[in-house]
file final-v5.txt (compact mmCIF, C-alpha atoms)
# COMPACT_ATOMS: atom_id res chain seq x y z
CA MET A 1 -5.88 73.29 -67.55
CA GLY A 2 -4.93 73.77 -71.24
CA ALA A 3 -2.53 70.80 -71.19
CA LEU A 4 -5.27 68.61 -69.73
CA ASP A 5 -7.63 69.61 -72.56
CA VAL A 6 -5.00 68.75 -75.17
CA ARG A 7 -4.34 65.37 -73.56
CA SER A 8 -8.07 64.69 -73.42
CA ALA A 9 -8.51 65.58 -77.10
CA THR A 10 -5.55 63.39 -78.04
CA THR A 11 -6.96 60.49 -76.03
CA GLU A 12 -10.35 60.96 -77.70
CA ASP A 13 -8.75 61.04 -81.18
CA THR A 14 -6.73 57.92 -80.44
CA SER A 15 -9.78 56.19 -79.03
CA ARG A 16 -11.87 57.11 -82.10
CA ARG A 17 -9.15 55.88 -84.46
CA GLY A 18 -9.00 52.61 -82.55
CA GLU A 19 -12.78 52.31 -82.82
CA ILE A 20 -12.65 52.93 -86.57
CA PHE A 21 -9.90 50.34 -87.04
CA ASP A 22 -11.94 47.89 -84.99
CA LEU A 23 -15.01 48.54 -87.14
CA LEU A 24 -13.03 48.11 -90.34
CA SER A 25 -11.36 44.91 -89.13
CA ASN A 26 -14.48 43.04 -90.24
CA ARG A 27 -14.89 42.46 -93.97
CA ARG A 28 -18.70 42.64 -93.93
CA ARG A 29 -18.63 46.03 -92.21
CA ARG A 30 -16.06 47.32 -94.74
CA TYR A 31 -18.22 46.02 -97.57
CA ALA A 32 -21.33 47.66 -96.06
CA ILE A 33 -19.60 51.05 -95.80
CA HIS A 34 -18.16 50.64 -99.30
CA TYR A 35 -21.56 49.89 -100.80
CA CYS A 36 -23.28 52.78 -98.98
CA LYS A 37 -20.55 55.20 -100.11
CA GLN A 38 -20.78 53.85 -103.64
CA VAL A 39 -24.58 54.25 -103.87
CA GLY A 40 -24.54 57.65 -102.15
CA GLU A 41 -28.10 57.44 -100.81
CA PRO A 42 -30.03 55.31 -98.31
CA VAL A 43 -30.02 51.61 -99.22
CA SER A 44 -32.30 48.76 -98.25
CA LEU A 45 -30.99 45.97 -96.06
CA SER A 46 -31.91 43.41 -98.72
CA ASP A 47 -29.94 45.25 -101.45
CA LEU A 48 -26.97 45.65 -99.11
CA ALA A 49 -27.05 41.98 -98.10
CA GLU A 50 -27.20 40.85 -101.72
CA GLN A 51 -24.22 42.96 -102.74
CA VAL A 52 -22.14 42.00 -99.69
CA ALA A 53 -22.88 38.31 -100.33
CA ALA A 54 -21.99 38.70 -104.01
CA TRP A 55 -18.64 40.30 -103.13
CA GLU A 56 -17.88 37.71 -100.46
CA LEU A 57 -18.66 34.78 -102.74
CA ASP A 58 -17.28 36.43 -105.88
CA LYS A 59 -20.57 35.91 -107.70
CA ASP A 60 -23.06 38.04 -109.55
CA VAL A 61 -26.05 39.08 -107.43
CA GLU A 62 -28.33 37.10 -109.76
CA ALA A 63 -26.31 33.91 -109.12
CA LEU A 64 -26.80 33.99 -105.32
CA THR A 65 -28.97 31.39 -103.64
CA SER A 66 -31.60 32.41 -101.12
CA ALA A 67 -29.56 30.70 -98.38
CA GLU A 68 -26.48 32.78 -99.26
CA ARG A 69 -28.54 35.97 -99.20
CA LYS A 70 -30.24 35.08 -95.93
CA ARG A 71 -26.98 34.19 -94.14
CA VAL A 72 -25.49 37.63 -94.91
CA TYR A 73 -28.81 39.43 -94.31
CA THR A 74 -29.13 37.92 -90.83
CA ALA A 75 -25.52 38.65 -89.86
CA LEU A 76 -25.80 42.25 -91.04
CA GLN A 77 -29.13 42.83 -89.30
CA GLN A 78 -28.22 41.20 -85.99
CA SER A 79 -24.56 42.12 -85.61
CA HIS A 80 -22.79 44.35 -88.09
CA LEU A 81 -25.31 47.13 -88.70
CA PRO A 82 -26.07 47.63 -84.99
CA THR A 83 -22.31 47.83 -84.40
CA LEU A 84 -21.93 50.46 -87.12
CA GLU A 85 -24.94 52.36 -85.75
CA ARG A 86 -23.54 52.41 -82.20
CA ALA A 87 -20.33 53.86 -83.65
CA ASP A 88 -22.40 56.61 -85.33
CA VAL A 89 -21.28 55.52 -88.80
CA ILE A 90 -24.77 54.68 -90.09
CA GLU A 91 -28.40 55.24 -89.27
CA PHE A 92 -30.32 51.95 -89.42
CA GLU A 93 -34.09 52.25 -89.30
CA ASP A 94 -36.95 50.36 -90.97
CA HIS A 95 -34.52 48.08 -92.84
CA THR A 96 -32.88 51.14 -94.43
CA ILE A 97 -29.24 52.05 -94.02
CA GLU A 98 -27.91 55.57 -94.45
CA LEU A 99 -24.40 56.85 -93.82
CA THR A 100 -24.08 59.57 -91.21
CA ASP A 101 -22.33 62.82 -92.10
CA GLU A 102 -19.29 61.57 -90.19
CA ALA A 103 -19.12 58.35 -92.19
CA ALA A 104 -19.77 60.06 -95.50
CA ALA A 105 -16.79 62.33 -94.83
CA LEU A 106 -14.62 59.45 -93.63
CA GLU A 107 -11.85 58.88 -96.12
CA VAL A 108 -10.64 55.38 -95.48
CA TYR A 109 -7.40 54.53 -97.19
CA LEU A 110 -6.12 51.02 -96.75
CA ASP A 111 -2.38 50.81 -97.33
CA ILE A 112 -2.36 47.36 -98.84
CA VAL A 113 1.13 46.35 -99.90
CA PRO A 114 1.29 43.43 -102.34
CA PRO A 115 4.07 40.90 -101.64
CA ASP A 116 6.11 42.04 -104.66
CA SER A 117 5.94 45.72 -103.70
CA ILE A 118 7.21 48.17 -101.10
CA PRO A 119 5.15 50.59 -98.97
CA TRP A 120 4.86 54.09 -100.41
CA GLY A 121 6.49 55.61 -97.33
CA VAL A 122 9.62 53.51 -97.88
CA TYR A 123 9.58 54.36 -101.59
CA TYR A 124 9.46 58.10 -100.86
CA LEU A 125 12.23 57.74 -98.30
CA GLY A 126 14.41 56.12 -100.98
CA LEU A 127 13.48 58.81 -103.49
CA SER A 128 14.43 61.48 -100.94
CA ALA A 129 17.76 59.74 -100.34
CA LEU A 130 18.39 59.76 -104.10
CA GLY A 131 17.59 63.49 -104.19
CA PHE A 132 20.05 64.17 -101.38
CA VAL A 133 22.75 62.09 -103.11
CA VAL A 134 22.28 64.11 -106.32
CA LEU A 135 22.32 67.36 -104.32
CA ALA A 136 25.49 66.34 -102.48
CA GLY A 137 27.07 65.23 -105.76
CA VAL A 138 26.32 68.57 -107.41
CA TRP A 139 27.60 70.45 -104.36
CA ALA A 140 30.81 68.35 -104.20
CA GLU A 141 31.18 68.67 -107.98
CA VAL A 142 31.17 64.88 -108.35
CA VAL A 143 28.05 64.88 -110.51
CA PRO A 144 28.84 66.29 -113.96
CA THR A 145 27.28 69.73 -114.34
CA GLY A 146 28.90 70.41 -117.70
CA THR A 147 26.50 68.35 -119.82
CA VAL A 148 23.59 68.60 -117.36
CA PRO A 149 23.45 71.85 -115.36
CA ALA A 150 22.65 71.80 -111.64
CA LEU A 151 19.15 73.08 -112.41
CA GLY A 152 18.69 70.12 -114.78
CA TRP A 153 19.56 67.66 -112.00
CA ALA A 154 17.09 69.41 -109.69
CA ALA A 155 14.42 69.27 -112.41
CA LEU A 156 15.11 65.54 -112.90
CA VAL A 157 14.65 64.80 -109.18
CA LEU A 158 11.52 66.98 -109.07
CA ALA A 159 10.12 65.15 -112.13
CA LEU A 160 10.72 61.80 -110.37
CA VAL A 161 8.90 63.04 -107.27
CA ALA A 162 5.99 64.36 -109.36
CA ALA A 163 5.68 61.13 -111.40
CA SER A 164 5.79 59.11 -108.19
CA ALA A 165 3.09 61.26 -106.61
CA VAL A 166 0.82 60.80 -109.65
CA ALA A 167 1.39 57.02 -109.57
CA HIS A 168 0.66 57.00 -105.83
CA VAL A 169 -2.62 58.89 -106.24
CA VAL A 170 -3.77 56.65 -109.10
CA THR A 171 -2.94 53.38 -107.36
CA SER A 172 -4.29 54.49 -103.97
CA ARG A 173 -7.76 55.02 -105.47
CA ARG A 174 -8.03 51.23 -105.67
CA TYR A 175 -7.85 51.04 -101.89
CA ARG A 176 -10.47 53.64 -100.90
CA LEU A 177 -13.84 52.51 -99.65
CA GLY A 178 -16.62 53.52 -102.02
CA GLU A 179 -14.39 54.55 -104.92
CA LEU A 180 -14.37 51.57 -107.28
CA GLU A 181 -16.78 48.81 -108.24
CA ARG A 182 -15.38 46.21 -105.81
CA PRO A 183 -14.25 46.98 -102.26
CA PRO A 184 -10.58 46.66 -101.38
call {"tool": "encode", "arguments": {"input": "final-v5.txt", "output": "structure tokens"}}
result
Amino acid sequence: MGALDVRSATTEDTSRRGEIFDLLSNRRRRYAIHYCKQVGEPVSLSDLAEQVAAWELDKDVEALTSAERKRVYTALQQSHLPTLERADVIEFEDHTIELTDEAAALEVYLDIVPPDSIPWGVYYLGLSALGFVVLAGVWAEVVPTGTVPALGWAALVLALVAASAVAHVVTSRRYRLGELERPP
């Protein structure tokens, strides 16, 4: 019976993750969540529609036409917000949108890799390989330990890992929903 419970929980987790990825596959829904997280309190449908339209069209809210506002307003009201509500990400009532506790706690990190970059996982794998090469070199006495002691080599590798981790944290903030001015 215990194995069945574990399998059921795993299936539920996988299903929920799939549902979240499906929700976030649409730009307007990502923008809606981003804006709600950014504001941190219930928002009106009209304010949300204006901001989503501004982000989509790369315009200031004041520069939007009424047709641009209405097109996004209608799509949000008829399709995207009911979808988010069915997924228990928002509460949508009386033209007011509020994140649920589950959505507010949802930390969405989009691993966006620019064309001239490598994924962080691959970077850390390479950094680990470098650490093992240095370790093997010190052990085999191929790496000079006269000018730089073994502890110095270890400190150098640790400093590289720490600097990389700081860079990773700083750059990843750009890709979190609700963190910065514009959504990722």
call {"tool": "residues_around", "arguments": {"input": "final-v5.txt", "residues": "Val61 of chain A", "least_positions_apart": "2", "cutoff": "10 Å", "atoms": "only C-alpha atoms", "output": "list in words"}}
result
Asp47, Ala49, Glu50, Gln51, Val52, Ala53, Ala54, Trp55, Leu57, Asp58, Lys59, Ala63, Leu64, Thr65 and Arg69 of chain A
call {"tool": "residues_around", "arguments": {"input": "final-v5.txt", "residues": "Leu158 of chain A", "least_positions_apart": "2", "cutoff": "12 Å", "atoms": "all atoms listed in the file", "output": "count of residues only"}}
result
19
call {"tool": "closest_residue", "arguments": {"input": "final-v5.txt", "among": "A:Arg86, A:Ile97, A:Arg174, A:Arg27", "to": "Gly40 of chain A", "atoms": "only C-alpha atoms"}}
result
A:Ile97
call {"tool": "residues_around", "arguments": {"input": "final-v5.txt", "residues": "Glu181 of chain A", "least_positions_apart": "4", "cutoff": "10 Å", "atoms": "all atoms listed in the file", "output": "short mmCIF file (atom, residue, chain, number, x, y, z; two decimals) with C-alpha atoms, in the coordinates of the input"}}
result
data_model
loop_
_atom_site.label_atom_id
_atom_site.label_comp_id
_atom_site.auth_asym_id
_atom_site.auth_seq_id
_atom_site.Cartn_x
_atom_site.Cartn_y
_atom_site.Cartn_z
CA HIS A 34 -18.16 50.64 -99.30
CA TYR A 35 -21.56 49.89 -100.80
CA GLN A 38 -20.78 53.85 -103.64
CA ARG A 174 -8.03 51.23 -105.67
CA LEU A 177 -13.84 52.51 -99.65
#
call {"tool": "closest_residue", "arguments": {"input": "final-v5.txt", "among": "A:Arg29, A:Val157, A:Thr171, A:Arg71", "to": "Val89 of chain A", "atoms": "all atoms listed in the file"}}
result
A:Arg29
